[in-house]
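Student: Submitted below is the structure of interest, expressed as structure tokens.
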Amino acid sequence: MTIRLHRVPLSGHAHRVELMLSLLGLPFETVEVDLAGGAHKTPTFLAMNPFGQVPVIEDGEATIADSNAILVYLASRYDTSGRWLPRDPLGAAAVQRWLSVAAGELLNGPGLARVEVLFKRPRDPQRHRLAARLFEVMEAHLAQQEWLAGGAPTIADIALYTYTAHAPEGGVSLQPYPQLRRWLARIEALPGFVGMRRSPDAPALSA
Ligand SMILES: N[C@@H](CCC(=O)N[C@@H](CS)C(=O)NCC(=O)O)C(=O)O
């Protein structure tokens with residue numbers, strides 16, 4: 001059964017789902033949603049996600065919205081090894097902690113700094129302060145362990161990857177964070193890794 005991923009190519013939320021699908025080796029097809037044309041606010045789309053946002057997946061009879069919820073679903077349903085979403089109490093809590101960071105600090109800092117640049121919106125300096133605080137915390141954490149939620153990659157790493165890797169597109173440099181850059185490289189070396197398209201006039205990702 002082919003999974004349908006409703007997405008836009010420059011959405012890091014959608015990319016984290018595409019990356020997980022690819023790492024799990026699952027067959028999927030992408031459905032491009034015309035956000036500029038308001039396709040995500042039509043009754044058909046709102047029936048899949050009342051918040052009117054990508055990503056959404058359709059997997060047979062199941063429709064799931066929200067990138068982190070989709071990562072939980074994919075790992076729970078398809079990862080027979082159980083390594084992407086640990087079930088033990090401490091492992092599960094460690095993953096959930098970083099999923100919250102992905103929906104909070106990561107989005108509100110580097111994620112929205114990138115949106116401001118890409119869509120030429122007014123700049124809020126608070127985005128860069130949040131990004132610096134987040135990346136300092138991640139840098140210290142990754143000096144202690146190779147992956148965010150323990151000794152092996154989990155959906156926590158996938159949830160945090162895209163908007164961290166693409167932070168330079170929002171003018172947030174990754175140069176001060178060598179541990180962070182090594183962690184990005186470890187994710188990029190995973191079998192099945194696929195990157196997200198860069199914005200055409202964005203700065204180099206290594207900036
Ligand atoms: N919590 C949601 C956030 C998704 C989100 O912000 N999607 C953006 C694109 S990156 C979107 O669809 N924006 C259109 C809108 O909000 O109208 C998730 O993790 O999937």
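Identifiers in the structure tokens: chain A, B, ... in order shown; residue index from 1 per chain; ligand index from 1 in order shown.
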Step one, run DSSP on the backbone; step two, keep only residues of stretch 4-207 of chain A assigned to strand (DSSP E or B); then write them as a PyMOL selection string.

Tutor: chain A and resi 4-7+28-32+56-59+62-65+147+150

Student: Please write the residues from the selection above to a file, keeping N, CA, C and O atoms, as a compact mmCIF listing (two decimals), in the first residue's frame.

Tutor:
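Listing of result-v8.txt after writing:
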```
# COMPACT_ATOMS: atom_id res chain seq x y z
N ARG A 4 0.26 8.24 1.00
CA ARG A 4 0.21 9.54 0.33
C ARG A 4 0.60 10.63 1.33
O ARG A 4 0.01 10.72 2.42
N LEU A 5 1.60 11.41 0.95
CA LEU A 5 2.07 12.51 1.81
C LEU A 5 1.67 13.83 1.18
O LEU A 5 2.17 14.19 0.11
N HIS A 6 0.77 14.55 1.84
CA HIS A 6 0.38 15.90 1.39
C HIS A 6 1.39 16.87 1.97
O HIS A 6 1.59 16.92 3.19
N ARG A 7 1.99 17.65 1.10
CA ARG A 7 3.11 18.47 1.56
C ARG A 7 3.34 19.68 0.65
O ARG A 7 2.69 19.82 -0.39
N PHE A 28 5.92 5.54 -0.85
CA PHE A 28 5.03 6.69 -0.67
C PHE A 28 5.03 7.55 -1.92
O PHE A 28 5.95 7.48 -2.73
N GLU A 29 3.96 8.34 -2.04
CA GLU A 29 3.91 9.33 -3.12
C GLU A 29 3.58 10.68 -2.48
O GLU A 29 2.94 10.73 -1.42
N THR A 30 4.06 11.75 -3.11
CA THR A 30 3.79 13.07 -2.55
C THR A 30 2.65 13.73 -3.32
O THR A 30 2.53 13.56 -4.54
N VAL A 31 1.82 14.46 -2.58
CA VAL A 31 0.74 15.25 -3.17
C VAL A 31 1.07 16.71 -2.83
O VAL A 31 1.14 17.07 -1.65
N GLU A 32 1.33 17.51 -3.86
CA GLU A 32 1.71 18.91 -3.62
C GLU A 32 0.47 19.73 -3.30
O GLU A 32 -0.51 19.71 -4.06
N VAL A 56 0.05 16.06 6.02
CA VAL A 56 -0.96 15.06 6.34
C VAL A 56 -0.57 13.80 5.58
O VAL A 56 -0.07 13.90 4.44
N ILE A 57 -0.76 12.64 6.18
CA ILE A 57 -0.59 11.41 5.40
C ILE A 57 -1.90 10.63 5.36
O ILE A 57 -2.72 10.71 6.29
N GLU A 58 -2.06 9.91 4.26
CA GLU A 58 -3.14 8.93 4.15
C GLU A 58 -2.48 7.57 3.97
O GLU A 58 -1.66 7.38 3.07
N ASP A 59 -2.84 6.66 4.85
CA ASP A 59 -2.27 5.32 4.81
C ASP A 59 -3.44 4.35 4.85
O ASP A 59 -3.94 4.02 5.93
N ALA A 62 -6.42 5.14 7.17
CA ALA A 62 -5.99 6.08 8.22
C ALA A 62 -5.54 7.41 7.61
O ALA A 62 -4.81 7.44 6.62
N THR A 63 -5.98 8.51 8.22
CA THR A 63 -5.52 9.85 7.86
C THR A 63 -4.91 10.46 9.11
O THR A 63 -5.56 10.51 10.16
N ILE A 64 -3.65 10.92 9.01
CA ILE A 64 -2.97 11.45 10.19
C ILE A 64 -2.36 12.79 9.84
O ILE A 64 -1.65 12.93 8.83
N ALA A 65 -2.64 13.79 10.68
CA ALA A 65 -2.07 15.12 10.52
C ALA A 65 -1.09 15.39 11.66
O ALA A 65 -1.14 14.73 12.70
N TRP A 147 23.20 10.87 19.92
CA TRP A 147 21.83 11.10 19.41
C TRP A 147 21.02 11.77 20.49
O TRP A 147 21.31 11.62 21.67
N GLY A 150 19.40 9.31 23.26
CA GLY A 150 20.12 8.13 23.72
C GLY A 150 21.23 7.70 22.78
O GLY A 150 21.81 8.52 22.07
```

Student: Quick one: contact table of chain A to ligand 1, 10 Å max, nearest atom pair and distance in Å to one decimal per residue, counting only C-alpha atoms and all ligand atoms, chain and number order, as JSON lines?

Tutor:
```
{"residue": "A:His6", "atom": "CA", "partner": "ligand 1", "partner_atom_place_in_ligand_line": "12 (O)", "distance": 9.9}
{"residue": "A:Arg7", "atom": "CA", "partner": "ligand 1", "partner_atom_place_in_ligand_line": "12 (O)", "distance": 8.0}
{"residue": "A:Val8", "atom": "CA", "partner": "ligand 1", "partner_atom_place_in_ligand_line": "9 (C)", "distance": 7.3}
{"residue": "A:Pro9", "atom": "CA", "partner": "ligand 1", "partner_atom_place_in_ligand_line": "10 (S)", "distance": 9.4}
{"residue": "A:Leu10", "atom": "CA", "partner": "ligand 1", "partner_atom_place_in_ligand_line": "10 (S)", "distance": 7.5}
{"residue": "A:Ser11", "atom": "CA", "partner": "ligand 1", "partner_atom_place_in_ligand_line": "10 (S)", "distance": 4.2}
{"residue": "A:Gly12", "atom": "CA", "partner": "ligand 1", "partner_atom_place_in_ligand_line": "10 (S)", "distance": 5.9}
{"residue": "A:His13", "atom": "CA", "partner": "ligand 1", "partner_atom_place_in_ligand_line": "10 (S)", "distance": 5.3}
{"residue": "A:Ala14", "atom": "CA", "partner": "ligand 1", "partner_atom_place_in_ligand_line": "10 (S)", "distance": 6.8}
{"residue": "A:His15", "atom": "CA", "partner": "ligand 1", "partner_atom_place_in_ligand_line": "10 (S)", "distance": 9.1}
{"residue": "A:Arg16", "atom": "CA", "partner": "ligand 1", "partner_atom_place_in_ligand_line": "19 (O)", "distance": 9.2}
{"residue": "A:Val17", "atom": "CA", "partner": "ligand 1", "partner_atom_place_in_ligand_line": "20 (O)", "distance": 9.0}
{"residue": "A:Val33", "atom": "CA", "partner": "ligand 1", "partner_atom_place_in_ligand_line": "12 (O)", "distance": 9.0}
{"residue": "A:Leu35", "atom": "CA", "partner": "ligand 1", "partner_atom_place_in_ligand_line": "14 (C)", "distance": 6.6}
{"residue": "A:Ala36", "atom": "CA", "partner": "ligand 1", "partner_atom_place_in_ligand_line": "14 (C)", "distance": 9.2}
{"residue": "A:Gly38", "atom": "CA", "partner": "ligand 1", "partner_atom_place_in_ligand_line": "17 (O)", "distance": 8.2}
{"residue": "A:Ala39", "atom": "CA", "partner": "ligand 1", "partner_atom_place_in_ligand_line": "17 (O)", "distance": 9.7}
{"residue": "A:His40", "atom": "CA", "partner": "ligand 1", "partner_atom_place_in_ligand_line": "17 (O)", "distance": 7.0}
{"residue": "A:Lys41", "atom": "CA", "partner": "ligand 1", "partner_atom_place_in_ligand_line": "17 (O)", "distance": 7.6}
{"residue": "A:Asn49", "atom": "CA", "partner": "ligand 1", "partner_atom_place_in_ligand_line": "20 (O)", "distance": 9.7}
{"residue": "A:Phe51", "atom": "CA", "partner": "ligand 1", "partner_atom_place_in_ligand_line": "16 (O)", "distance": 7.2}
{"residue": "A:Gly52", "atom": "CA", "partner": "ligand 1", "partner_atom_place_in_ligand_line": "17 (O)", "distance": 5.9}
{"residue": "A:Gln53", "atom": "CA", "partner": "ligand 1", "partner_atom_place_in_ligand_line": "12 (O)", "distance": 3.2}
{"residue": "A:Val54", "atom": "CA", "partner": "ligand 1", "partner_atom_place_in_ligand_line": "12 (O)", "distance": 4.0}
{"residue": "A:Pro55", "atom": "CA", "partner": "ligand 1", "partner_atom_place_in_ligand_line": "20 (O)", "distance": 5.3}
{"residue": "A:Val56", "atom": "CA", "partner": "ligand 1", "partner_atom_place_in_ligand_line": "20 (O)", "distance": 7.5}
{"residue": "A:Ile64", "atom": "CA", "partner": "ligand 1", "partner_atom_place_in_ligand_line": "20 (O)", "distance": 9.8}
{"residue": "A:Ala65", "atom": "CA", "partner": "ligand 1", "partner_atom_place_in_ligand_line": "20 (O)", "distance": 6.4}
{"residue": "A:Asp66", "atom": "CA", "partner": "ligand 1", "partner_atom_place_in_ligand_line": "20 (O)", "distance": 3.3}
{"residue": "A:Ser67", "atom": "CA", "partner": "ligand 1", "partner_atom_place_in_ligand_line": "20 (O)", "distance": 3.8}
{"residue": "A:Asn68", "atom": "CA", "partner": "ligand 1", "partner_atom_place_in_ligand_line": "19 (O)", "distance": 5.5}
{"residue": "A:Ala69", "atom": "CA", "partner": "ligand 1", "partner_atom_place_in_ligand_line": "19 (O)", "distance": 7.6}
{"residue": "A:Ile70", "atom": "CA", "partner": "ligand 1", "partner_atom_place_in_ligand_line": "20 (O)", "distance": 8.3}
{"residue": "A:Leu71", "atom": "CA", "partner": "ligand 1", "partner_atom_place_in_ligand_line": "19 (O)", "distance": 9.8}
{"residue": "A:Leu99", "atom": "CA", "partner": "ligand 1", "partner_atom_place_in_ligand_line": "19 (O)", "distance": 9.4}
{"residue": "A:Ala102", "atom": "CA", "partner": "ligand 1", "partner_atom_place_in_ligand_line": "19 (O)", "distance": 8.3}
{"residue": "A:Ala103", "atom": "CA", "partner": "ligand 1", "partner_atom_place_in_ligand_line": "1 (N)", "distance": 6.4}
{"residue": "A:Gly104", "atom": "CA", "partner": "ligand 1", "partner_atom_place_in_ligand_line": "1 (N)", "distance": 9.4}
{"residue": "A:Leu107", "atom": "CA", "partner": "ligand 1", "partner_atom_place_in_ligand_line": "6 (O)", "distance": 8.4}
{"residue": "A:Gly111", "atom": "CA", "partner": "ligand 1", "partner_atom_place_in_ligand_line": "10 (S)", "distance": 8.7}
{"residue": "A:Leu112", "atom": "CA", "partner": "ligand 1", "partner_atom_place_in_ligand_line": "10 (S)", "distance": 9.4}
{"residue": "A:Val115", "atom": "CA", "partner": "ligand 1", "partner_atom_place_in_ligand_line": "10 (S)", "distance": 8.7}
{"residue": "A:Ala159", "atom": "CA", "partner": "ligand 1", "partner_atom_place_in_ligand_line": "19 (O)", "distance": 8.9}
```

Student: Given only C-alpha atoms as the basis, pick out the residue of A:Val72, A:Ala167, A:Leu90, A:Leu180 nearest to A:Ala140.

Tutor: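 Among the listed residues, A:Leu180 lies closest to A:Ala140.
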
Student: Leaving out stretch 187-194 of chain A and any residue of its chain fewer than 6 positions from it, which residues lie within 6 Å of it when counting only C-alpha atoms, given as an MDAnalysis selection string?

Tutor: chainID A and resid 19 22:23
